[in-house]
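Text of run01.txt (compact mmCIF, C-alpha atoms) as supplied:
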```
# COMPACT_ATOMS: atom_id res chain seq x y z
CA MET B 1 0.29 1.16 19.17
CA LEU B 2 -2.35 2.34 21.62
CA THR B 3 -3.50 -1.11 22.66
CA LYS B 4 0.02 -2.35 23.45
CA GLY B 5 0.33 -4.48 26.59
CA HIS B 6 -2.05 -4.70 29.48
CA TRP B 7 -4.53 -2.22 30.83
CA LEU B 8 -5.39 -1.24 34.35
CA ILE B 9 -9.09 -0.51 34.66
CA VAL B 10 -10.08 1.48 37.70
CA HIS B 11 -13.71 1.56 38.80
CA LEU B 12 -14.47 4.03 41.53
CA ARG B 13 -17.86 4.66 43.10
CA ILE B 14 -18.29 7.08 45.96
CA LYS B 15 -21.92 7.94 46.71
CA ARG B 16 -23.19 9.25 43.37
CA PHE B 17 -19.79 9.82 41.88
CA ARG B 18 -18.69 7.16 39.46
CA LEU B 19 -15.42 6.86 37.63
CA TRP B 20 -14.34 4.31 35.09
CA LEU B 21 -10.76 4.84 34.06
CA PRO B 22 -9.02 2.44 31.70
CA LEU B 23 -5.30 3.13 31.65
CA PRO B 24 -2.66 1.30 29.61
CA LEU B 25 0.03 0.00 31.95
CA TYR B 26 2.87 1.45 29.91
CA ILE B 27 1.32 4.91 30.03
CA LEU B 28 1.03 4.62 33.82
CA GLN B 29 4.72 3.70 33.97
CA GLU B 30 5.67 6.62 31.74
CA LEU B 31 3.60 9.03 33.84
CA LEU B 32 5.22 7.80 37.03
CA TRP B 33 8.70 8.20 35.56
CA GLN B 34 7.93 11.69 34.33
CA ILE B 35 6.47 12.77 37.68
CA VAL B 36 9.59 11.53 39.47
CA GLU B 37 11.86 13.23 36.93
CA ILE B 38 10.00 16.52 37.20
CA THR B 39 9.92 16.51 41.00
CA ASP B 40 13.65 15.75 40.90
CA LEU B 41 14.21 18.65 38.54
CA VAL B 42 12.37 21.14 40.73
CA GLY B 43 14.36 19.98 43.73
CA THR B 44 11.73 18.08 45.70
CA PHE B 45 14.13 15.17 45.97
CA GLY B 46 16.29 17.12 48.36
CA ASN B 47 14.29 15.18 50.90
CA LYS B 48 16.15 12.00 51.87
CA LYS B 49 13.10 9.74 51.90
CA LEU B 50 11.99 10.89 48.48
CA ARG B 51 15.51 10.40 47.16
CA GLU B 52 15.36 6.83 48.42
CA MET B 53 12.12 6.43 46.52
CA LYS B 54 13.75 7.64 43.32
CA SER B 55 16.50 5.04 43.70
CA GLN B 56 13.79 2.39 43.92
CA MET B 57 12.04 3.51 40.75
CA PRO B 58 13.58 0.76 38.56
CA THR B 59 12.19 -1.83 41.02
CA ILE B 60 8.78 -0.20 40.91
CA MET B 61 8.89 -0.22 37.11
CA VAL B 62 9.74 -3.94 37.04
CA ALA B 63 6.92 -4.60 39.48
CA LEU B 64 4.46 -2.63 37.36
CA ASP B 65 5.70 -4.41 34.28
CA SER B 66 5.10 -7.80 35.84
CA ILE B 67 1.51 -7.01 36.87
CA GLY B 68 0.33 -7.94 33.40
CA GLU B 69 2.09 -11.32 33.41
CA GLY B 70 -0.69 -13.02 35.33
CA GLY B 71 -3.16 -12.60 32.50
CA GLN B 72 -6.56 -11.10 33.21
CA TYR B 73 -7.60 -10.82 36.83
CA ASP B 74 -9.11 -8.49 39.41
CA LEU B 75 -6.20 -7.05 41.33
CA VAL B 76 -8.01 -5.19 44.08
CA GLU B 77 -11.63 -5.00 45.12
CA ILE B 78 -12.65 -2.82 48.04
CA ASP B 79 -16.23 -2.41 49.13
CA ALA B 80 -16.89 -0.31 52.20
CA ASP B 81 -20.26 0.63 53.63
CA SER B 82 -20.48 3.10 56.51
CA GLY B 83 -23.89 1.82 57.50
CA ASP B 84 -25.68 5.16 56.96
CA GLY B 85 -25.91 4.86 53.21
CA ASP B 86 -22.42 5.97 52.29
CA ARG B 87 -20.74 3.39 50.17
CA VAL B 88 -17.34 3.33 48.54
CA ARG B 89 -16.38 0.77 45.98
CA ILE B 90 -13.00 0.57 44.31
CA VAL B 91 -12.10 -2.11 41.79
CA ILE B 92 -8.82 -2.34 39.94
CA LYS B 93 -8.76 -4.87 37.14
CA VAL B 94 -5.92 -6.01 34.95
CA ARG B 95 -7.03 -6.70 31.41
CA MET U 1 -22.62 -48.06 32.12
CA ASP U 2 -19.30 -46.29 32.49
CA GLU U 3 -17.08 -45.20 29.62
CA LYS U 4 -14.74 -48.20 29.80
CA GLN U 5 -17.65 -50.62 29.68
CA LYS U 6 -19.02 -48.80 26.65
CA ILE U 7 -15.68 -49.19 24.87
CA LEU U 8 -15.54 -52.90 25.70
CA LYS U 9 -19.08 -53.29 24.42
CA MET U 10 -18.04 -51.64 21.15
CA VAL U 11 -15.20 -54.21 20.84
CA GLU U 12 -17.65 -57.00 21.62
CA ASP U 13 -20.00 -55.72 18.91
CA GLY U 14 -17.11 -55.55 16.49
CA LYS U 15 -17.48 -51.80 16.00
CA ILE U 16 -13.85 -51.09 16.90
CA THR U 17 -10.67 -53.18 17.06
CA ALA U 18 -8.85 -54.07 20.29
CA ALA U 19 -6.03 -51.64 19.39
CA GLU U 20 -8.52 -48.81 18.93
CA ALA U 21 -10.17 -49.71 22.22
CA LEU U 22 -6.82 -49.59 23.99
CA GLU U 23 -6.17 -46.14 22.52
CA LEU U 24 -9.57 -44.92 23.71
CA ILE U 25 -9.06 -46.30 27.21
CA GLU U 26 -5.66 -44.63 27.44
CA ALA U 27 -7.15 -41.33 26.28
CA LEU U 28 -9.93 -41.71 28.82
CA GLY U 29 -7.39 -42.29 31.57
CA SER U 30 -5.46 -39.13 30.79
CA THR U 31 -8.70 -37.11 30.62
CA GLU U 32 -9.78 -38.42 34.01
CA LYS U 33 -6.41 -37.50 35.46
CA THR U 34 -6.65 -33.95 34.09
CA GLN U 35 -10.18 -33.53 35.44
CA GLU U 36 -9.07 -34.80 38.83
CA THR U 37 -6.26 -32.24 39.01
CA ALA U 38 -8.56 -29.45 37.89
CA SER U 39 -11.36 -30.28 40.33
CA LYS U 40 -8.99 -30.60 43.30
CA PRO U 41 -6.91 -27.44 43.28
CA GLY U 42 -5.07 -29.78 45.43
CA LYS U 43 -2.64 -29.89 48.21
CA LYS U 44 0.10 -30.71 45.72
CA GLY U 45 -1.13 -29.01 42.57
CA LYS U 46 0.48 -25.96 41.03
CA LYS U 47 -0.95 -22.79 42.53
CA THR U 48 -1.29 -19.67 40.46
CA MET U 49 -3.10 -17.09 42.56
CA PHE U 50 -2.30 -15.58 45.92
CA ARG U 51 -5.48 -14.22 47.49
CA VAL U 52 -6.17 -12.03 50.49
CA ARG U 53 -9.73 -11.65 51.78
CA ILE U 54 -10.61 -9.27 54.58
CA ASP U 55 -14.17 -9.08 55.76
CA ALA U 56 -14.72 -6.57 58.53
CA GLY U 57 -17.86 -5.10 59.93
CA GLU U 58 -20.34 -4.63 62.70
CA SER U 59 -23.28 -6.93 63.00
CA ASN U 60 -25.58 -4.28 64.55
CA GLY U 61 -26.13 -2.33 61.35
CA GLY U 62 -22.83 -0.48 61.51
CA GLY U 63 -20.27 -0.12 58.80
CA LYS U 64 -18.69 -2.99 57.01
CA ALA U 65 -15.87 -3.41 54.60
CA LYS U 66 -14.68 -6.09 52.27
CA VAL U 67 -11.27 -6.16 50.72
CA ASN U 68 -10.18 -8.67 48.11
CA VAL U 69 -6.69 -8.68 46.72
CA ASN U 70 -5.61 -11.18 44.08
CA ILE U 71 -2.02 -11.41 42.96
CA PRO U 72 -0.68 -14.04 40.56
CA ILE U 73 2.17 -15.93 42.25
CA SER U 74 4.47 -15.25 39.29
CA VAL U 75 3.87 -11.53 39.85
CA ALA U 76 4.24 -11.80 43.63
CA LYS U 77 7.69 -13.34 43.15
CA LYS U 78 8.80 -10.25 41.28
CA LEU U 79 7.29 -7.96 43.88
CA THR U 80 9.41 -9.46 46.66
CA SER U 81 12.21 -7.05 45.80
CA LEU U 82 9.89 -4.26 46.94
CA THR U 83 10.85 -5.06 50.54
CA LYS U 84 13.95 -2.99 49.77
CA MET U 85 11.64 0.00 49.74
CA ILE U 86 10.78 -0.34 53.41
CA PRO U 87 12.32 2.70 55.10
CA ASP U 88 15.33 2.05 57.35
CA SER U 89 13.46 3.54 60.30
CA ALA U 90 10.67 0.99 59.89
CA LYS U 91 13.21 -1.82 59.48
CA SER U 92 14.96 -0.89 62.70
CA GLU U 93 11.61 -0.74 64.52
CA MET U 94 10.83 -4.25 63.27
CA GLU U 95 14.28 -5.45 64.32
CA LYS U 96 13.58 -4.20 67.82
CA GLY U 97 10.59 -6.51 67.78
CA GLY U 98 12.81 -9.39 66.69
CA PHE U 99 11.88 -9.45 63.02
CA ASN U 100 14.49 -8.88 60.32
CA VAL U 101 12.95 -8.15 56.92
CA ASP U 102 16.27 -8.57 55.10
CA GLU U 103 16.60 -12.15 56.34
CA LEU U 104 13.16 -13.02 55.04
CA ASN U 105 13.37 -14.90 51.75
CA LEU U 106 9.96 -14.16 50.33
CA LYS U 107 10.88 -15.52 46.92
CA GLU U 108 11.65 -18.96 48.35
CA ILE U 109 8.44 -18.96 50.38
CA LEU U 110 6.39 -18.03 47.32
CA GLU U 111 8.10 -20.71 45.25
CA ALA U 112 7.22 -23.30 47.90
CA ILE U 113 3.63 -22.08 47.91
CA GLY U 114 3.43 -22.07 44.12
CA ASP U 115 4.79 -25.61 43.89
CA GLY U 116 2.10 -26.80 46.27
CA ASP U 117 4.55 -27.65 49.05
CA MET U 118 2.47 -25.67 51.52
CA ASP U 119 -1.18 -25.82 52.45
CA GLU U 120 -3.70 -23.83 50.46
CA GLU U 121 -4.71 -21.77 53.47
CA ILE U 122 -1.85 -19.72 54.78
CA VAL U 123 -3.73 -17.53 57.24
CA ASP U 124 -7.30 -17.81 58.47
CA ILE U 125 -8.20 -15.52 61.35
CA ASP U 126 -11.78 -15.29 62.49
CA ALA U 127 -12.20 -12.56 65.07
CA THR U 128 -15.92 -12.05 64.67
CA GLY U 129 -18.06 -11.61 67.74
CA GLU U 130 -21.50 -10.31 68.61
CA GLU U 131 -20.44 -6.74 67.92
CA GLY U 132 -18.82 -7.58 64.64
CA GLY U 133 -15.13 -8.07 64.01
CA ALA U 134 -13.06 -9.23 61.16
CA ARG U 135 -12.18 -12.29 59.19
CA ILE U 136 -8.87 -12.40 57.44
CA LYS U 137 -8.05 -15.15 55.04
CA ILE U 138 -4.88 -15.53 53.00
CA TYR U 139 -4.76 -18.48 50.66
CA VAL U 140 -3.54 -19.72 47.33
CA ASP U 141 -5.38 -21.54 44.56
```

Could you rewrite the structure in this file as structure tokens?
Amino acid sequence: MLTKGHWLIVHLRIKRFRLWLPLPLYILQELLWQIVEITDLVGTFGNKKLREMKSQMPTIMVALDSIGEGGQYDLVEIDADSGDGDRVRIVIKVR
Amino acid sequence: MDEKQKILKMVEDGKITAAEALELIEALGSTEKTQETASKPGKKGKKTMFRVRIDAGESNGGGKAKVNVNIPISVAKKLTSLTKMIPDSAKSEMEKGGFNVDELNLKEILEAIGDGDMDEEIVDIDATGEEGGARIKIYVD
């Protein structure tokens, strides 16, 4: 089911560029797993630090899984203004 | 006229019986208690959200930045295991400074915060001056 579980909604605004990206949490988890698997397959995980990261993937998955447990809330909100008109706004919502 | 007086007046007028009045007063008491807890997120009330607010900027028209991070305490408890991800090199650097991450029981701290055993405001740093600065606030509600 496409609407299964929680969604991460990313709002990004940099100058005139605007992005609104709703992403189901379980798809994000799947993507992350697949990226790690693929990089492992092509041998990128020869690097010790990256290998450590792979061993921590189950923890990351549990953490991502638990993000939705708090209901609906705004996870991160960043608003930066350089003072000369450049403004960056990033909002990550859990819905 | 407050609610209790109104109820007593209704008994006096014979609109309701004494038993019904008692029931109403009891219901009123529990409602008042609930409202009290809700209005005072309280020193002892259950906390649900862990919030970090960073407000940095220059007062003379320079840049400024605001960062808000909200994490439900139930989620934060599960994220404590992420300290395992801190690279060994970083851990040893911290140990040199006298801080051992492995000895830190974040889960217990978060449980204490969530149960209302700690103050609402955990950190409140105000380093703003004439040329700007930053205000960092970490609190639970």

Please report as a tab-separated table every residue of chain B lying within 12 Å of chain U, along with the nearest atom pair and their distance in Å (one decimal), using all atoms listed in the file.
```
residue	atom	partner	partner_atom	distance
B:Lys48	CA	U:Pro87	CA	10.6
B:Lys49	CA	U:Pro87	CA	7.8
B:Leu50	CA	U:Pro87	CA	10.5
B:Arg51	CA	U:Met85	CA	11.4
B:Glu52	CA	U:Met85	CA	7.9
B:Met53	CA	U:Met85	CA	7.2
B:Lys54	CA	U:Met85	CA	10.2
B:Ser55	CA	U:Met85	CA	9.2
B:Gln56	CA	U:Met85	CA	6.6
B:Met57	CA	U:Met85	CA	9.7
B:Pro58	CA	U:Leu82	CA	10.4
B:Thr59	CA	U:Leu82	CA	6.8
B:Ile60	CA	U:Leu82	CA	7.4
B:Met61	CA	U:Leu79	CA	10.4
B:Val62	CA	U:Lys78	CA	7.7
B:Ala63	CA	U:Leu79	CA	5.5
B:Leu64	CA	U:Leu79	CA	8.9
B:Asp65	CA	U:Val75	CA	9.2
B:Ser66	CA	U:Val75	CA	5.6
B:Ile67	CA	U:Val75	CA	5.9
B:Gly68	CA	U:Val75	CA	8.2
B:Glu69	CA	U:Val75	CA	6.7
B:Gly70	CA	U:Pro72	CA	5.3
B:Gly71	CA	U:Pro72	CA	8.6
B:Gln72	CA	U:Pro72	CA	9.9
B:Tyr73	CA	U:Asn70	CA	7.5
B:Asp74	CA	U:Asn70	CA	6.4
B:Leu75	CA	U:Asn70	CA	5.0
B:Val76	CA	U:Val69	CA	4.6
B:Glu77	CA	U:Asn68	CA	5.0
B:Ile78	CA	U:Val67	CA	4.5
B:Asp79	CA	U:Lys66	CA	5.1
B:Ala80	CA	U:Ala65	CA	4.1
B:Asp81	CA	U:Lys64	CA	5.2
B:Ser82	CA	U:Gly63	CA	4.0
B:Gly83	CA	U:Gly63	CA	4.3
B:Asp84	CA	U:Gly63	CA	7.8
B:Gly85	CA	U:Gly63	CA	9.4
B:Asp86	CA	U:Gly63	CA	9.2
B:Arg87	CA	U:Gly63	CA	9.3
B:Val88	CA	U:Ala65	CA	9.2
B:Arg89	CA	U:Lys66	CA	9.5
B:Ile90	CA	U:Val67	CA	9.5
B:Val91	CA	U:Asn68	CA	9.3
B:Ile92	CA	U:Val69	CA	9.5
B:Lys93	CA	U:Asn70	CA	9.9
B:Val94	CA	U:Ile71	CA	10.4
```

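Shown here are all protein and nucleic acid residues lying within 8 Å of (-11.6, 4.1, 38.2), with only C-alpha atoms considered: B:Ile9, B:Val10, B:His11, B:Leu12, B:Arg13, B:Arg18, B:Leu19, B:Trp20, B:Leu21, B:Pro22, B:Ile90, B:Val91, B:Ile92.
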
Exercise. Could you tell me, as a VMD selection string, which residues have any atom at most 12 Å from (-2.1, 3.6, 28.4), counting all atoms listed in the file?
Worked result: chain B and resid 1 to 9 21 to 31 95

Please save C-alpha atoms of the selected residues as a tab-separated table (two decimals), keeping the file's coordinate frame.
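Final output, selection_23.tsv:
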```tsv
chain	number	residue	atom	x	y	z
B	1	MET	CA	0.29	1.16	19.17
B	2	LEU	CA	-2.35	2.34	21.62
B	3	THR	CA	-3.50	-1.11	22.66
B	4	LYS	CA	0.02	-2.35	23.45
B	5	GLY	CA	0.33	-4.48	26.59
B	6	HIS	CA	-2.05	-4.70	29.48
B	7	TRP	CA	-4.53	-2.22	30.83
B	8	LEU	CA	-5.39	-1.24	34.35
B	9	ILE	CA	-9.09	-0.51	34.66
B	21	LEU	CA	-10.76	4.84	34.06
B	22	PRO	CA	-9.02	2.44	31.70
B	23	LEU	CA	-5.30	3.13	31.65
B	24	PRO	CA	-2.66	1.30	29.61
B	25	LEU	CA	0.03	0.00	31.95
B	26	TYR	CA	2.87	1.45	29.91
B	27	ILE	CA	1.32	4.91	30.03
B	28	LEU	CA	1.03	4.62	33.82
B	29	GLN	CA	4.72	3.70	33.97
B	30	GLU	CA	5.67	6.62	31.74
B	31	LEU	CA	3.60	9.03	33.84
B	95	ARG	CA	-7.03	-6.70	31.41
```

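Taking atom CA of U:Glu93 as the reference point, atom CA of U:Ala127 is found at 26.6 Å.
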
Exercise. Interatomic distance between atom CA of U:Asp115 and atom CA of U:Lys46?
Worked result: 5.2 Å

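Rounded to one decimal, atom CA of U:Phe50 and atom CA of U:Lys96 lie 29.3 Å from each other.
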